[in-house]
Amino acid sequence: MTNRVTITRISGNSKTGPITTTRTDRATCPTTCPFYDAGCYATLGRERIQWDRLNRSETGVNWDEFVSQIRRIVPNGVLWRHNTAGDLPHNDGLIDYLKLKQLINANKGKKGFTYSHHILNDHNIIALQNANGLGFTVNASCESVDDADRVMSEHNIPAVAVVHSEEKRRFFTTTNGRKVITCPAALHPGKVTCATCGLCQQSDREFVIAFPAHGASKKKVNAIVTV
Ligand code: SF4
């Protein structure tokens with residue numbers, strides 16, 4: 001399947017800060033994602049408008065051109081964030097490892113990171129472990145910090161979790177005692193950005209990162225997330 005990706009060389013997004021960001025077409029999203037039709041923030045507001053244009057193939061480039069551009073435009077040692085919308089290309093729910101490997105190779109020497117809501121079956125676990133082991137950080141997206149803790153312990157994959165919109169603690173722990181850090185850009189909008197933080201890119205970290213639900217869909221998301 002052909003996938004399309006838009007690349008923003010220097011993002012104007014107030015949460016990411018001025019780094020290179022991308023979004024990938026909606027066909028990459030697993031229909032098993034609990035937010036697929038229920039609260040996904042990419043289906044709202046400005047991100048929705050941009051994503052719709054990409055999904056209609058009015059913007060973006062194909063996957064080969066995308067990885068080629070990442071190789072050329074992101075300097076070595078520099079942080080960049082893949083997918084403000086979309087997920088990793090897949091075939092019937094199995095991550096397309098050939099495309100992922102292209103991206104891993106393009107990211108060599110750079111500090112790329114992303115998130116994935118693909119179901120953690122054996123195939124996808126190995127794909128994410130390989131990406132993280134080879135320098136392209138893919139965080140497993142979870143709906144509770146306890147689930148994220150389990151993913152990190154059982155699979156050695158960095159994990160993040162969406163939490164209730166009212167979560168205001170900077171630090172807390174999972175039921176099993178693993179440290180959780182709430183995304184500082186969510187707690188201190190305008191003061192911290194991905195560009196100045198970079199925690200999500202640390203694939204060997206020991207802590208879970210929590211994202212409080214936000215925006216117009218937060219009620220729907222609050223109904224899905226658990227402790
Ligand atoms: S924890 Fe840091 S890197 Fe991750 S999303 Fe928040 S600001 Fe960006």
# chains A, B, ... in the order shown; residues from 1 in each chain; ligands from 1
$ residues_near_ligand --ligand "ligand 1" --cutoff "10 Å" --atoms "only C-alpha atoms and all ligand atoms" --output "PyMOL selection string"
chain A and resi 15-17+79-81+113-115+139+160+181-189+191-202+208-211
$ residues_around --residues "His164 (chain A)" --least-positions-apart "5" --cutoff "10 Å" --atoms "only C-alpha atoms" --output "PyMOL selection string"
chain A and resi 143-144+210-214+218-219+221-227
$ closest_residue --among "A:Ala216, A:Leu134, A:Ala148, A:Leu88" --to "Arg26 (chain A)" --atoms "only C-alpha atoms"
A:Leu88
$ atom_distance --atom1 "CA of Ile70 (chain A)" --atom2 "CA of Ala106 (chain A)"
6.3 Å
$ closest_residue --among "A:Cys142, A:Val67, A:Ala161, A:Leu98" --to "Asn130 (chain A)" --atoms "only C-alpha atoms"
A:Leu98
$ select_by_dssp --residues "region 12-146 of chain A" --states "strand (DSSP E or B)" --output "list in words"
Thr20, Thr21, Thr22, Arg23, Thr24, Val61, Asn62, Leu79, Trp80, Arg81, His90, Asn91, Leu94, Ile95, Lys111, Gly112, Phe113, Thr114, Tyr115, Ser116, Thr137, Val138, Asn139, Ala140, Ser141 and Cys142 of chain A
$ write_last_selection --atoms "N, CA, C and O atoms" --output "short mmCIF file (atom, residue, chain, number, x, y, z; two decimals), in the first residue's frame"
data_model
loop_
_atom_site.label_atom_id
_atom_site.label_comp_id
_atom_site.auth_asym_id
_atom_site.auth_seq_id
_atom_site.Cartn_x
_atom_site.Cartn_y
_atom_site.Cartn_z
N THR A 20 11.63 19.48 13.26
CA THR A 20 10.98 18.85 12.10
C THR A 20 9.93 17.87 12.60
O THR A 20 10.21 17.06 13.49
N THR A 21 8.72 17.97 12.04
CA THR A 21 7.65 17.05 12.40
C THR A 21 7.02 16.50 11.12
O THR A 21 7.19 17.08 10.03
N THR A 22 6.29 15.42 11.27
CA THR A 22 5.64 14.80 10.12
C THR A 22 4.23 14.37 10.52
O THR A 22 3.89 14.33 11.70
N ARG A 23 3.45 14.01 9.52
CA ARG A 23 2.20 13.26 9.77
C ARG A 23 2.04 12.29 8.62
O ARG A 23 2.46 12.56 7.50
N THR A 24 1.43 11.14 8.93
CA THR A 24 1.26 10.09 7.92
C THR A 24 -0.23 9.84 7.71
O THR A 24 -1.03 10.06 8.63
N VAL A 61 4.24 13.49 0.42
CA VAL A 61 5.09 12.77 -0.54
C VAL A 61 4.97 11.29 -0.23
O VAL A 61 4.51 10.90 0.85
N ASN A 62 5.39 10.45 -1.17
CA ASN A 62 5.30 9.01 -0.90
C ASN A 62 6.39 8.59 0.09
O ASN A 62 7.28 9.36 0.42
N LEU A 79 17.04 16.47 17.16
CA LEU A 79 15.75 15.87 17.51
C LEU A 79 14.70 16.14 16.43
O LEU A 79 14.61 17.26 15.92
N TRP A 80 13.91 15.12 16.07
CA TRP A 80 12.75 15.35 15.20
C TRP A 80 11.65 14.38 15.62
O TRP A 80 11.92 13.34 16.21
N ARG A 81 10.41 14.77 15.32
CA ARG A 81 9.26 13.99 15.79
C ARG A 81 8.44 13.49 14.60
O ARG A 81 7.92 14.30 13.82
N HIS A 90 1.49 -0.44 7.97
CA HIS A 90 1.24 -1.82 8.36
C HIS A 90 0.51 -2.57 7.26
O HIS A 90 -0.03 -1.96 6.33
N ASN A 91 0.48 -3.86 7.38
CA ASN A 91 -0.31 -4.71 6.50
C ASN A 91 -1.23 -5.55 7.38
O ASN A 91 -0.75 -6.41 8.12
N LEU A 94 -0.06 -5.77 10.93
CA LEU A 94 1.35 -6.12 11.16
C LEU A 94 2.22 -4.98 10.64
O LEU A 94 2.13 -4.64 9.43
N ILE A 95 3.03 -4.41 11.50
CA ILE A 95 3.88 -3.28 11.09
C ILE A 95 4.72 -3.69 9.89
O ILE A 95 5.33 -4.77 9.87
N LYS A 111 18.02 12.07 15.90
CA LYS A 111 17.30 11.73 17.13
C LYS A 111 15.79 11.73 16.88
O LYS A 111 15.06 12.52 17.44
N GLY A 112 15.35 10.79 16.03
CA GLY A 112 13.94 10.69 15.71
C GLY A 112 13.17 9.93 16.77
O GLY A 112 13.69 9.01 17.40
N PHE A 113 11.91 10.33 16.97
CA PHE A 113 11.06 9.57 17.89
C PHE A 113 9.62 9.65 17.40
O PHE A 113 9.22 10.56 16.68
N THR A 114 8.85 8.64 17.81
CA THR A 114 7.45 8.61 17.46
C THR A 114 6.70 7.74 18.47
O THR A 114 7.26 7.33 19.49
N TYR A 115 5.44 7.47 18.16
CA TYR A 115 4.56 6.69 19.03
C TYR A 115 3.81 5.70 18.15
O TYR A 115 3.57 5.98 16.98
N SER A 116 3.40 4.59 18.72
CA SER A 116 2.60 3.64 17.95
C SER A 116 1.51 3.02 18.81
O SER A 116 1.77 2.62 19.95
N THR A 137 13.44 5.87 18.05
CA THR A 137 12.62 5.61 19.23
C THR A 137 11.15 5.53 18.87
O THR A 137 10.58 6.48 18.33
N VAL A 138 10.55 4.37 19.16
CA VAL A 138 9.10 4.22 18.98
C VAL A 138 8.50 3.89 20.35
O VAL A 138 8.79 2.84 20.93
N ASN A 139 7.69 4.81 20.86
CA ASN A 139 7.02 4.60 22.14
C ASN A 139 5.73 3.83 21.91
O ASN A 139 4.94 4.17 21.02
N ALA A 140 5.48 2.82 22.73
CA ALA A 140 4.19 2.14 22.69
C ALA A 140 3.18 3.02 23.41
O ALA A 140 3.38 3.44 24.55
N SER A 141 2.07 3.31 22.73
CA SER A 141 1.02 4.15 23.32
C SER A 141 0.03 3.28 24.08
O SER A 141 -0.51 2.31 23.52
N CYS A 142 -0.22 3.62 25.33
CA CYS A 142 -1.09 2.80 26.19
C CYS A 142 -2.20 3.68 26.77
O CYS A 142 -2.13 4.91 26.71
#
$ residues_around --residues "Leu103 (chain A)" --least-positions-apart "2" --cutoff "9 Å" --atoms "only C-alpha atoms" --output "list in words"
Phe66, Val67, Ser68, Ile70, Arg71, Leu98, Lys99, Leu100, Lys101, Asn105, Ala106, Asn107, Lys108, Ala131 and Phe136 of chain A
$ atom_distance --atom1 "CA of Gly39 (chain A)" --atom2 "CA of Ser217 (chain A)"
4.8 Å
$ residues_around --residues "Ile119 (chain A)" --least-positions-apart "4" --cutoff "9 Å" --atoms "only C-alpha atoms" --output "ChimeraX atom specification"
/A:30,32-33,93-94,124-125
$ closest_residue --among "A:Thr43, A:Thr6, A:Thr59, A:Ser153" --to "His82 (chain A)" --atoms "only C-alpha atoms"
A:Thr6
$ select_by_dssp --residues "region 3-225 of chain A" --states "alpha helix (DSSP H)" --output "ChimeraX atom specification"
/A:45-55,63-73,97-106,122-133,145-155,184-187,194-197,218-224
$ residues_around --residues "Val180 (chain A)" --least-positions-apart "4" --cutoff "9 Å" --atoms "only C-alpha atoms" --output "VMD selection string"
chain A and resid 145 170 to 174 207 to 210
$ closest_residue --among "A:Val163, A:Ile104, A:His155, A:Arg4" --to "Arg53 (chain A)" --atoms "only C-alpha atoms"
A:Arg4
$ closest_residue --among "A:Asn13, A:Asp146, A:Arg46, A:Met152" --to "Thr175 (chain A)" --atoms "only C-alpha atoms"
A:Asp146
$ atom_distance --atom1 "CA of Ala159 (chain A)" --atom2 "CA of Lys110 (chain A)"
20.4 Å
